[in-house]
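Visitor: So here's query_0.cif, just mmCIF, C-alpha atoms and all ligand atoms:
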data_protein
#
loop_
_atom_site.label_atom_id
_atom_site.label_comp_id
_atom_site.auth_asym_id
_atom_site.auth_seq_id
_atom_site.Cartn_x
_atom_site.Cartn_y
_atom_site.Cartn_z
CA MET A 199 95.16 105.93 117.61
CA ASP A 200 94.15 108.62 115.15
CA PRO A 201 92.77 106.58 112.19
CA MET A 202 94.73 108.73 109.71
CA LYS A 203 97.96 107.71 111.42
CA PHE A 204 96.73 104.13 111.89
CA LEU A 205 96.40 103.74 108.08
CA THR A 206 100.17 103.78 107.58
CA THR A 207 101.53 102.64 110.95
CA PHE A 208 103.19 99.23 110.85
CA ASP A 209 104.88 97.67 113.88
CA THR A 210 107.86 95.78 112.41
CA GLY A 211 109.16 94.79 115.84
CA THR A 212 112.64 94.93 117.30
CA VAL A 213 114.97 93.33 114.79
CA THR A 214 118.00 91.15 115.53
CA ARG A 215 120.02 88.86 113.28
CA LEU A 216 120.20 85.25 114.51
CA PRO A 217 123.43 83.18 114.18
CA ASN A 218 121.78 81.16 111.38
CA GLY A 219 121.33 84.39 109.40
CA ARG A 220 117.58 84.62 109.96
CA THR A 221 115.89 87.87 110.92
CA GLN A 222 114.23 87.75 114.33
CA ARG A 223 111.45 90.21 115.14
CA GLU A 224 110.21 90.75 118.70
CA TYR A 225 106.92 92.49 119.46
CA ARG A 226 105.39 93.62 122.74
CA ILE A 227 101.62 93.36 123.08
CA VAL A 228 99.80 94.34 126.26
CA ALA A 229 96.12 93.56 126.87
CA LEU A 230 94.56 96.58 128.57
CA ASP A 231 91.02 97.62 129.47
CA ALA A 232 90.55 101.08 127.91
CA GLU A 233 87.83 103.48 126.84
CA VAL A 234 87.97 104.12 123.10
CA GLU A 235 86.07 106.69 121.04
CA ALA A 236 84.01 104.66 118.53
CA ALA A 237 82.31 107.71 117.04
CA PRO A 238 82.72 111.40 117.87
CA GLY A 239 81.69 111.71 121.54
CA VAL A 240 80.72 108.02 121.88
CA TRP A 241 83.02 106.11 124.21
CA PHE A 242 83.16 102.31 124.35
CA PRO A 243 84.54 100.31 127.32
CA ALA A 244 86.95 98.20 125.26
CA TRP A 245 89.39 95.40 125.89
CA THR A 246 92.42 96.30 123.77
CA TYR A 247 95.84 95.25 122.60
CA ASN A 248 98.21 98.15 123.43
CA GLY A 249 95.32 100.49 124.25
CA THR A 250 93.78 100.82 120.78
CA VAL A 251 90.99 99.20 118.73
CA PRO A 252 92.10 97.79 116.34
CA GLY A 253 95.40 96.76 117.93
CA PRO A 254 98.76 97.50 116.26
CA THR A 255 99.36 96.24 112.72
CA LEU A 256 102.18 93.72 113.04
CA ARG A 257 104.38 93.33 110.01
CA CYS A 258 107.22 90.98 109.04
CA THR A 259 108.61 89.06 106.07
CA ALA A 260 108.00 85.38 105.31
CA GLY A 261 110.78 83.32 106.88
CA ASP A 262 111.38 85.74 109.79
CA SER A 263 111.56 84.23 113.24
CA LEU A 264 108.86 85.89 115.38
CA LYS A 265 108.61 86.36 119.14
CA ILE A 266 105.47 88.08 120.37
CA HIS A 267 105.73 88.92 124.07
CA PHE A 268 102.18 89.12 125.42
CA PHE A 269 101.39 90.68 128.80
CA ASN A 270 97.85 90.54 130.17
CA GLU A 271 97.21 93.71 132.17
CA GLY A 272 93.46 93.47 131.57
CA SER A 273 90.71 92.30 133.90
CA HIS A 274 89.94 88.98 132.13
CA PRO A 275 91.97 86.05 130.76
CA HIS A 276 93.08 86.63 127.17
CA THR A 277 95.27 85.12 124.46
CA ILE A 278 96.57 86.02 121.01
CA HIS A 279 95.49 83.68 118.25
CA PHE A 280 97.36 84.35 114.99
CA HIS A 281 96.12 83.25 111.60
CA GLY A 282 98.82 81.53 109.53
CA ILE A 283 100.96 78.42 110.07
CA HIS A 284 102.43 77.61 113.51
CA PRO A 285 102.60 74.80 116.11
CA ALA A 286 99.53 73.89 118.23
CA ASN A 287 101.06 75.25 121.45
CA MET A 288 101.52 78.69 119.79
CA ASP A 289 97.91 78.90 118.63
CA GLY A 290 96.55 81.00 121.48
CA VAL A 291 93.62 78.69 122.22
CA PHE A 292 94.63 76.44 125.12
CA GLU A 293 97.34 78.61 126.73
CA GLN A 294 95.01 81.04 128.49
CA VAL A 295 96.88 84.00 129.98
CA PRO A 296 95.29 85.16 133.27
CA PRO A 297 95.27 88.81 134.38
CA GLY A 298 98.83 89.60 135.45
CA GLY A 299 100.19 86.73 133.34
CA ARG A 300 102.41 86.64 130.28
CA PHE A 301 103.15 84.35 127.35
CA THR A 302 105.62 84.48 124.46
CA TYR A 303 104.38 83.24 121.09
CA GLU A 304 107.27 81.99 118.94
CA PHE A 305 106.98 80.78 115.37
CA PRO A 306 108.43 81.41 111.92
CA ALA A 307 106.33 83.73 109.74
CA GLU A 308 104.67 81.72 106.99
CA PRO A 309 103.28 81.93 104.40
CA PHE A 310 103.25 85.50 103.05
CA GLY A 311 99.86 87.14 102.95
CA ALA A 312 97.36 89.33 104.79
CA PHE A 313 96.40 87.89 108.17
CA LEU A 314 94.91 88.94 111.47
CA TYR A 315 95.27 88.14 115.14
CA HIS A 316 92.63 88.13 117.83
CA CYS A 317 91.90 86.90 121.32
CA HIS A 318 90.60 83.31 121.46
CA THR A 319 89.29 83.19 125.02
CA MET A 320 85.74 81.92 125.44
CA PRO A 321 83.26 83.36 124.74
CA VAL A 322 85.25 84.43 121.66
CA LYS A 323 82.33 86.54 120.41
CA LYS A 324 82.64 88.75 123.48
CA HIS A 325 86.46 88.97 123.40
CA ILE A 326 86.31 90.02 119.75
CA HIS A 327 83.47 92.53 119.97
CA LYS A 328 85.20 94.14 122.97
CA GLY A 329 88.11 94.99 120.65
CA LEU A 330 90.90 92.38 120.85
CA TYR A 331 92.11 92.10 117.26
CA GLY A 332 94.50 93.55 114.73
CA ALA A 333 96.04 93.07 111.30
CA PHE A 334 99.10 90.88 110.73
CA ILE A 335 100.96 91.32 107.44
CA VAL A 336 103.57 88.86 106.21
CA ASP A 337 105.44 90.31 103.23
CA PRO A 338 106.76 88.09 100.44
CA PRO A 339 110.58 87.65 100.43
CA THR A 340 110.70 89.70 97.22
CA PRO A 341 108.66 92.79 98.11
CA ARG A 342 105.47 93.69 96.27
CA PRO A 343 105.81 96.58 93.77
CA LYS A 344 106.18 100.03 95.35
CA ALA A 345 102.87 101.65 96.36
CA THR A 346 101.30 103.79 99.05
CA GLU A 347 100.19 101.19 101.56
CA PHE A 348 97.23 101.43 103.93
CA VAL A 349 95.78 99.02 106.44
CA MET A 350 92.00 99.00 106.87
CA VAL A 351 90.37 96.92 109.58
CA MET A 352 86.57 96.73 109.30
CA ASN A 353 84.76 96.39 112.63
CA GLY A 354 81.65 97.29 114.58
CA PHE A 355 80.89 98.60 118.06
CA ASP A 356 78.01 97.36 120.21
CA THR A 357 77.93 100.47 122.36
CA ASP A 358 74.69 99.58 124.20
CA LEU A 359 75.70 95.91 124.69
CA ASP A 360 72.53 94.50 123.09
CA GLY A 361 74.32 92.03 120.80
CA GLU A 362 74.09 94.27 117.72
CA ASN A 363 76.42 96.93 116.38
CA GLU A 364 75.43 100.58 116.75
CA PHE A 365 78.43 101.75 114.73
CA TYR A 366 80.52 100.34 111.91
CA THR A 367 84.00 101.65 111.15
CA VAL A 368 87.25 101.18 109.33
CA ASN A 369 90.13 101.62 111.74
CA GLY A 370 88.01 102.33 114.78
CA VAL A 371 86.15 105.63 114.41
CA ALA A 372 82.80 105.88 112.58
CA ASN A 373 82.80 108.30 109.62
CA TYR A 374 86.39 109.37 110.34
CA TYR A 375 87.46 109.42 106.68
CA VAL A 376 84.26 111.27 105.74
CA GLU A 377 85.33 114.17 107.95
CA ARG A 378 88.99 113.80 106.97
CA PRO A 379 89.34 112.34 103.47
CA ILE A 380 92.49 110.35 102.71
CA PRO A 381 94.75 112.39 100.39
CA LEU A 382 95.98 110.71 97.18
CA LYS A 383 97.66 111.87 93.97
CA VAL A 384 96.58 111.12 90.42
CA GLY A 385 98.65 108.18 89.19
CA GLU A 386 99.71 107.14 92.72
CA PRO A 387 99.60 103.35 93.10
CA VAL A 388 97.66 102.38 96.24
CA ARG A 389 97.64 99.07 98.09
CA ILE A 390 95.17 98.32 100.88
CA TYR A 391 95.47 95.43 103.32
CA LEU A 392 91.81 94.86 104.20
CA VAL A 393 90.74 92.77 107.21
CA ASN A 394 87.22 92.01 108.43
CA VAL A 395 86.67 91.37 112.13
CA THR A 396 83.09 92.61 112.38
CA GLU A 397 81.22 90.69 115.10
CA PHE A 398 77.47 89.86 115.06
CA ASP A 399 77.04 90.37 111.27
CA LEU A 400 77.80 87.56 108.83
CA ILE A 401 79.67 89.65 106.30
CA ASN A 402 81.16 93.03 105.63
CA SER A 403 82.39 94.49 102.37
CA PHE A 404 84.44 97.21 100.69
CA HIS A 405 83.23 99.11 97.64
CA LEU A 406 85.41 101.60 95.76
CA HIS A 407 83.72 104.34 93.73
CA ALA A 408 84.52 105.26 90.13
CA ASN A 409 87.39 102.79 89.90
CA MET A 410 88.30 99.11 89.90
CA PHE A 411 90.88 97.32 92.04
CA ARG A 412 93.01 94.24 91.57
CA LEU A 413 91.94 91.71 94.20
CA TYR A 414 94.40 89.33 95.89
CA ARG A 415 92.35 87.12 98.20
CA THR A 416 94.19 86.49 101.49
CA GLY A 417 97.23 88.11 99.81
CA THR A 418 98.89 84.70 99.43
CA SER A 419 99.50 85.05 95.69
CA LEU A 420 101.24 87.80 93.72
CA THR A 421 98.81 87.27 90.85
CA HIS A 422 95.44 88.95 91.26
CA SER A 423 92.35 86.79 90.91
CA GLU A 424 89.90 89.46 89.86
CA LEU A 425 89.45 93.05 88.73
CA THR A 426 86.43 94.35 90.62
CA ASP A 427 85.05 97.28 92.61
CA THR A 428 83.45 95.37 95.49
CA VAL A 429 84.71 92.59 97.74
CA MET A 430 82.76 90.76 100.44
CA LEU A 431 84.53 89.24 103.44
CA CYS A 432 83.34 86.93 106.21
CA GLN A 433 84.66 87.56 109.75
CA GLY A 434 88.36 86.65 109.76
CA GLU A 435 88.74 86.97 105.99
CA ARG A 436 91.10 89.51 104.45
CA CYS A 437 92.54 90.52 101.12
CA VAL A 438 94.90 92.91 99.36
CA LEU A 439 93.53 95.54 96.94
CA GLU A 440 95.50 97.61 94.42
CA PHE A 441 94.28 100.59 92.42
CA THR A 442 95.24 103.99 91.00
CA TYR A 443 93.03 107.03 90.36
CA ARG A 444 93.36 108.67 86.93
CA THR A 445 91.48 111.92 87.49
CA PRO A 446 91.39 114.34 90.42
CA GLY A 447 88.35 114.62 92.64
CA ARG A 448 86.63 113.26 95.72
CA TYR A 449 85.87 109.54 95.61
CA MET A 450 83.78 107.55 98.09
CA PHE A 451 84.53 104.12 99.55
CA HIS A 452 82.16 102.27 101.85
CA ALA A 453 80.59 98.99 102.90
CA HIS A 454 78.09 97.85 100.31
CA GLN A 455 75.73 96.99 103.13
CA SER A 456 73.94 100.35 103.03
CA GLU A 457 73.06 100.03 106.71
CA PHE A 458 76.74 99.72 107.69
CA ALA A 459 77.63 102.71 105.49
CA GLU A 460 74.94 104.81 107.15
CA LEU A 461 76.16 103.76 110.61
CA GLY A 462 79.71 104.94 109.98
CA TRP A 463 81.51 102.67 107.52
CA MET A 464 82.13 105.24 104.82
CA GLY A 465 85.01 107.42 103.72
CA PHE A 466 86.52 109.50 100.92
CA PHE A 467 89.73 109.69 98.97
CA ASP A 468 90.70 113.21 97.93
CA VAL A 469 92.68 112.81 94.73
CA THR A 470 94.71 115.78 93.55
CA ALA A 471 96.76 116.34 90.42
CU CU B 501 90.21 87.99 125.45
#
Written as structure tokens, that's how I'd like the structure from this file.

Guide:
Amino acid sequence: MDPMKFLTTFDTGTVTRLPNGRTQREYRIVALDAEVEAAPGVWFPAWTYNGTVPGPTLRCTAGDSLKIHFFNEGSHPHTIHFHGIHPANMDGVFEQVPPGGRFTYEFPAEPFGAFLYHCHTMPVKKHIHKGLYGAFIVDPPTPRPKATEFVMVMNGFDTDLDGENEFYTVNGVANYYVERPIPLKVGEPVRIYLVNVTEFDLINSFHLHANMFRLYRTGTSLTHSELTDTVMLCQGERCVLEFTYRTPGRYMFHAHQSEFAELGWMGFFDVTA
């Protein structure tokens, strides 16, 4: 998907009301082998959820009853392992889904926070670096304050299959937001759900220029833990960031691993009055 569209696209599922009054959300996820463009003109033979890397951003509210219908139309066994609380048999580790197979994950969404999902088939390193992951947002029952909300998934692409990343991106295409800065308004409150699934490298990070953000680690509290301009995340870690720009102009954001920034993990916000 076009990374500009991906920023604000949230799959909230098909909603029904259960007899007990709970909201039920049903999602459809299909594992597919697909070529994805990791950088302009550079195609990567990916394993995907629903044809894109990252996969769709799934969103719900704490307490919702979730059903994720998973169909494996790929060439290898896969699963979906969600972060969060759920029973062992819904954990996507032991219930391997063979090509042509299907599985329905069912669990209540808890707790609220910023999460991710990914394939947990061995070797997990391969199933992750091939592209099987996405963001999973569980909103608090009382919504967070109104803001422009973006999802940013930090990843890498090992395009020559040597066990190291040739490109680093947010939302799947190297340097995308350098070529097409993200438009913002002065005074507009912004919230970013940030997820790190970079394979091969121990950490990744997000640095915001000329500003500071409120940091909510894992998004599981409504009280921020820090006011900072840089956050470092291990693979599988995620957080929520909130900030507002006060003056118009072009502002950079990037990984504060200079190497990652130079290999594609960089972007701009264009802030107008
Ligand atoms: Cu897999």

Visitor: List the spatial neighbours of range 277-291 of chain A as a ChimeraX atom specification - criterion: any atom at most 6 Å away, all atoms listed in the file, same-chain residues fewer than 6 positions off excluded.

Guide: /A:303,305,308,313-318

Visitor: Excluding same-chain residues fewer than 5 positions from range 204-221 of chain A, what lies within 9 Å of it counting all atoms listed in the file, as a ChimeraX atom specification?

Guide: /A:199,226,254-259,261-264,266,335,346-350,369

Visitor: Write as number ranges by chain the residues around ligand CU 501 (chain B), taking 12 Å as the cut-off and counting only C-alpha atoms and all ligand atoms.

Guide: A: 228-231, 244-247, 269-279, 290-291, 293-297, 315-331

Visitor: Please determine the residues with any atom at most 7 Å from (97.7, 90.5, 101.0) (coordinates as given in the file, with only C-alpha atoms counting) and report them as a count of residues only.

Guide: 10

Visitor: What is the CA of Thr340 in chain A to CA of Glu386 in chain A distance in Å?

Guide: 21.1 Å

Visitor: Using all atoms listed in the file, can you tell me which of A:Ala307, A:Leu413, A:Leu400, A:Val368 comes closest to Glu440 in chain A?

Guide: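 Of A:Ala307, A:Leu413, A:Leu400, A:Val368, the one nearest Glu440 in chain A is A:Leu413, counting all atoms listed in the file.
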
Visitor: Select, from A:His405, A:Asp337, A:Val384, A:Val393, the residue with the minimum atom-to-atom distance to Arg444 in chain A, counting only C-alpha atoms.

Guide: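 Using only C-alpha atoms, the shortest distance to Arg444 in chain A belongs to A:Val384.
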
Visitor: What's the 8 Å shell around Ala471 in chain A, counting only C-alpha atoms, without same-chain residues fewer than 2 positions away, as a count of residues only?

Guide: 5

Visitor: Which residue gives the smallest distance to Phe467 in chain A among A:Thr426, A:Val376, A:Phe411, A:Asn402, with all atoms listed in the file counted?

Guide: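 Nearest candidate to Phe467 in chain A out of A:Thr426, A:Val376, A:Phe411, A:Asn402: A:Val376.
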
Visitor: Just give me the residues with any atom within 12 Å of (73.6, 95.6, 122.0), file coordinates, counting only C-alpha atoms, written as a PyMOL selection string.

Guide: chain A and resi 242+324+327-328+354-365+397-398

Visitor: May I have the centre and edge lengths, in Å to one decimal, of an axis-aligned box around the listed atoms of range 280-284 of chain A with 4 Å added to every side, as lines of an AutoDock Vina configuration file?

Guide:
center_x = 99.3
center_y = 81.0
center_z = 112.3
size_x = 14.3
size_y = 14.7
size_z = 13.5

Visitor: Just to confirm, what's the straight-line distance from CA of Ala260 in chain A to CA of Pro306 in chain A in Å (one decimal)?

Guide: 7.7 Å

Visitor: Can you rebuild range 447-468 of chain A with N, CA and C atoms and give it as a short mmCIF file (atom, residue, chain, number, x, y, z; two decimals), keeping the file's coordinate frame?

Guide:
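Below you can see part_38.cif, which holds the result:
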data_model
loop_
_atom_site.label_atom_id
_atom_site.label_comp_id
_atom_site.auth_asym_id
_atom_site.auth_seq_id
_atom_site.Cartn_x
_atom_site.Cartn_y
_atom_site.Cartn_z
N GLY A 447 89.71 114.49 92.14
CA GLY A 447 88.35 114.62 92.64
C GLY A 447 88.18 113.90 93.96
N ARG A 448 86.95 113.94 94.46
CA ARG A 448 86.63 113.26 95.72
C ARG A 448 85.89 111.97 95.41
N TYR A 449 86.43 110.86 95.90
CA TYR A 449 85.87 109.54 95.61
C TYR A 449 85.47 108.84 96.91
N MET A 450 84.29 108.23 96.90
CA MET A 450 83.78 107.55 98.09
C MET A 450 84.24 106.09 98.13
N PHE A 451 84.43 105.58 99.34
CA PHE A 451 84.53 104.12 99.55
C PHE A 451 83.68 103.78 100.77
N HIS A 452 83.08 102.61 100.76
CA HIS A 452 82.16 102.27 101.85
C HIS A 452 81.79 100.80 101.81
N ALA A 453 81.17 100.33 102.88
CA ALA A 453 80.59 98.99 102.90
C ALA A 453 79.41 98.99 101.95
N HIS A 454 79.27 97.91 101.17
CA HIS A 454 78.09 97.85 100.31
C HIS A 454 76.94 97.13 101.01
N GLN A 455 76.94 97.20 102.35
CA GLN A 455 75.73 96.99 103.13
C GLN A 455 75.34 98.42 103.48
N SER A 456 74.27 98.93 102.85
CA SER A 456 73.94 100.35 103.03
C SER A 456 73.78 100.71 104.50
N GLU A 457 73.26 99.76 105.28
CA GLU A 457 73.06 100.03 106.71
C GLU A 457 74.40 100.32 107.39
N PHE A 458 75.43 99.51 107.07
CA PHE A 458 76.74 99.72 107.69
C PHE A 458 77.29 101.09 107.28
N ALA A 459 77.11 101.43 105.99
CA ALA A 459 77.63 102.71 105.49
C ALA A 459 76.97 103.86 106.25
N GLU A 460 75.66 103.73 106.47
CA GLU A 460 74.94 104.81 107.15
C GLU A 460 75.30 104.89 108.63
N LEU A 461 75.77 103.78 109.19
CA LEU A 461 76.16 103.76 110.61
C LEU A 461 77.67 103.97 110.79
N GLY A 462 78.33 104.51 109.77
CA GLY A 462 79.71 104.94 109.98
C GLY A 462 80.79 104.36 109.09
N TRP A 463 80.46 103.29 108.35
CA TRP A 463 81.51 102.67 107.52
C TRP A 463 81.48 103.30 106.13
N MET A 464 82.08 104.48 106.06
CA MET A 464 82.13 105.24 104.82
C MET A 464 83.33 106.17 104.89
N GLY A 465 83.90 106.48 103.74
CA GLY A 465 85.01 107.42 103.72
C GLY A 465 85.23 107.97 102.33
N PHE A 466 86.19 108.89 102.21
CA PHE A 466 86.52 109.50 100.92
C PHE A 466 88.01 109.47 100.69
N PHE A 467 88.38 109.38 99.41
CA PHE A 467 89.73 109.69 98.97
C PHE A 467 89.68 111.03 98.28
N ASP A 468 90.58 111.94 98.64
CA ASP A 468 90.70 113.21 97.93
C ASP A 468 91.89 113.11 97.01
#
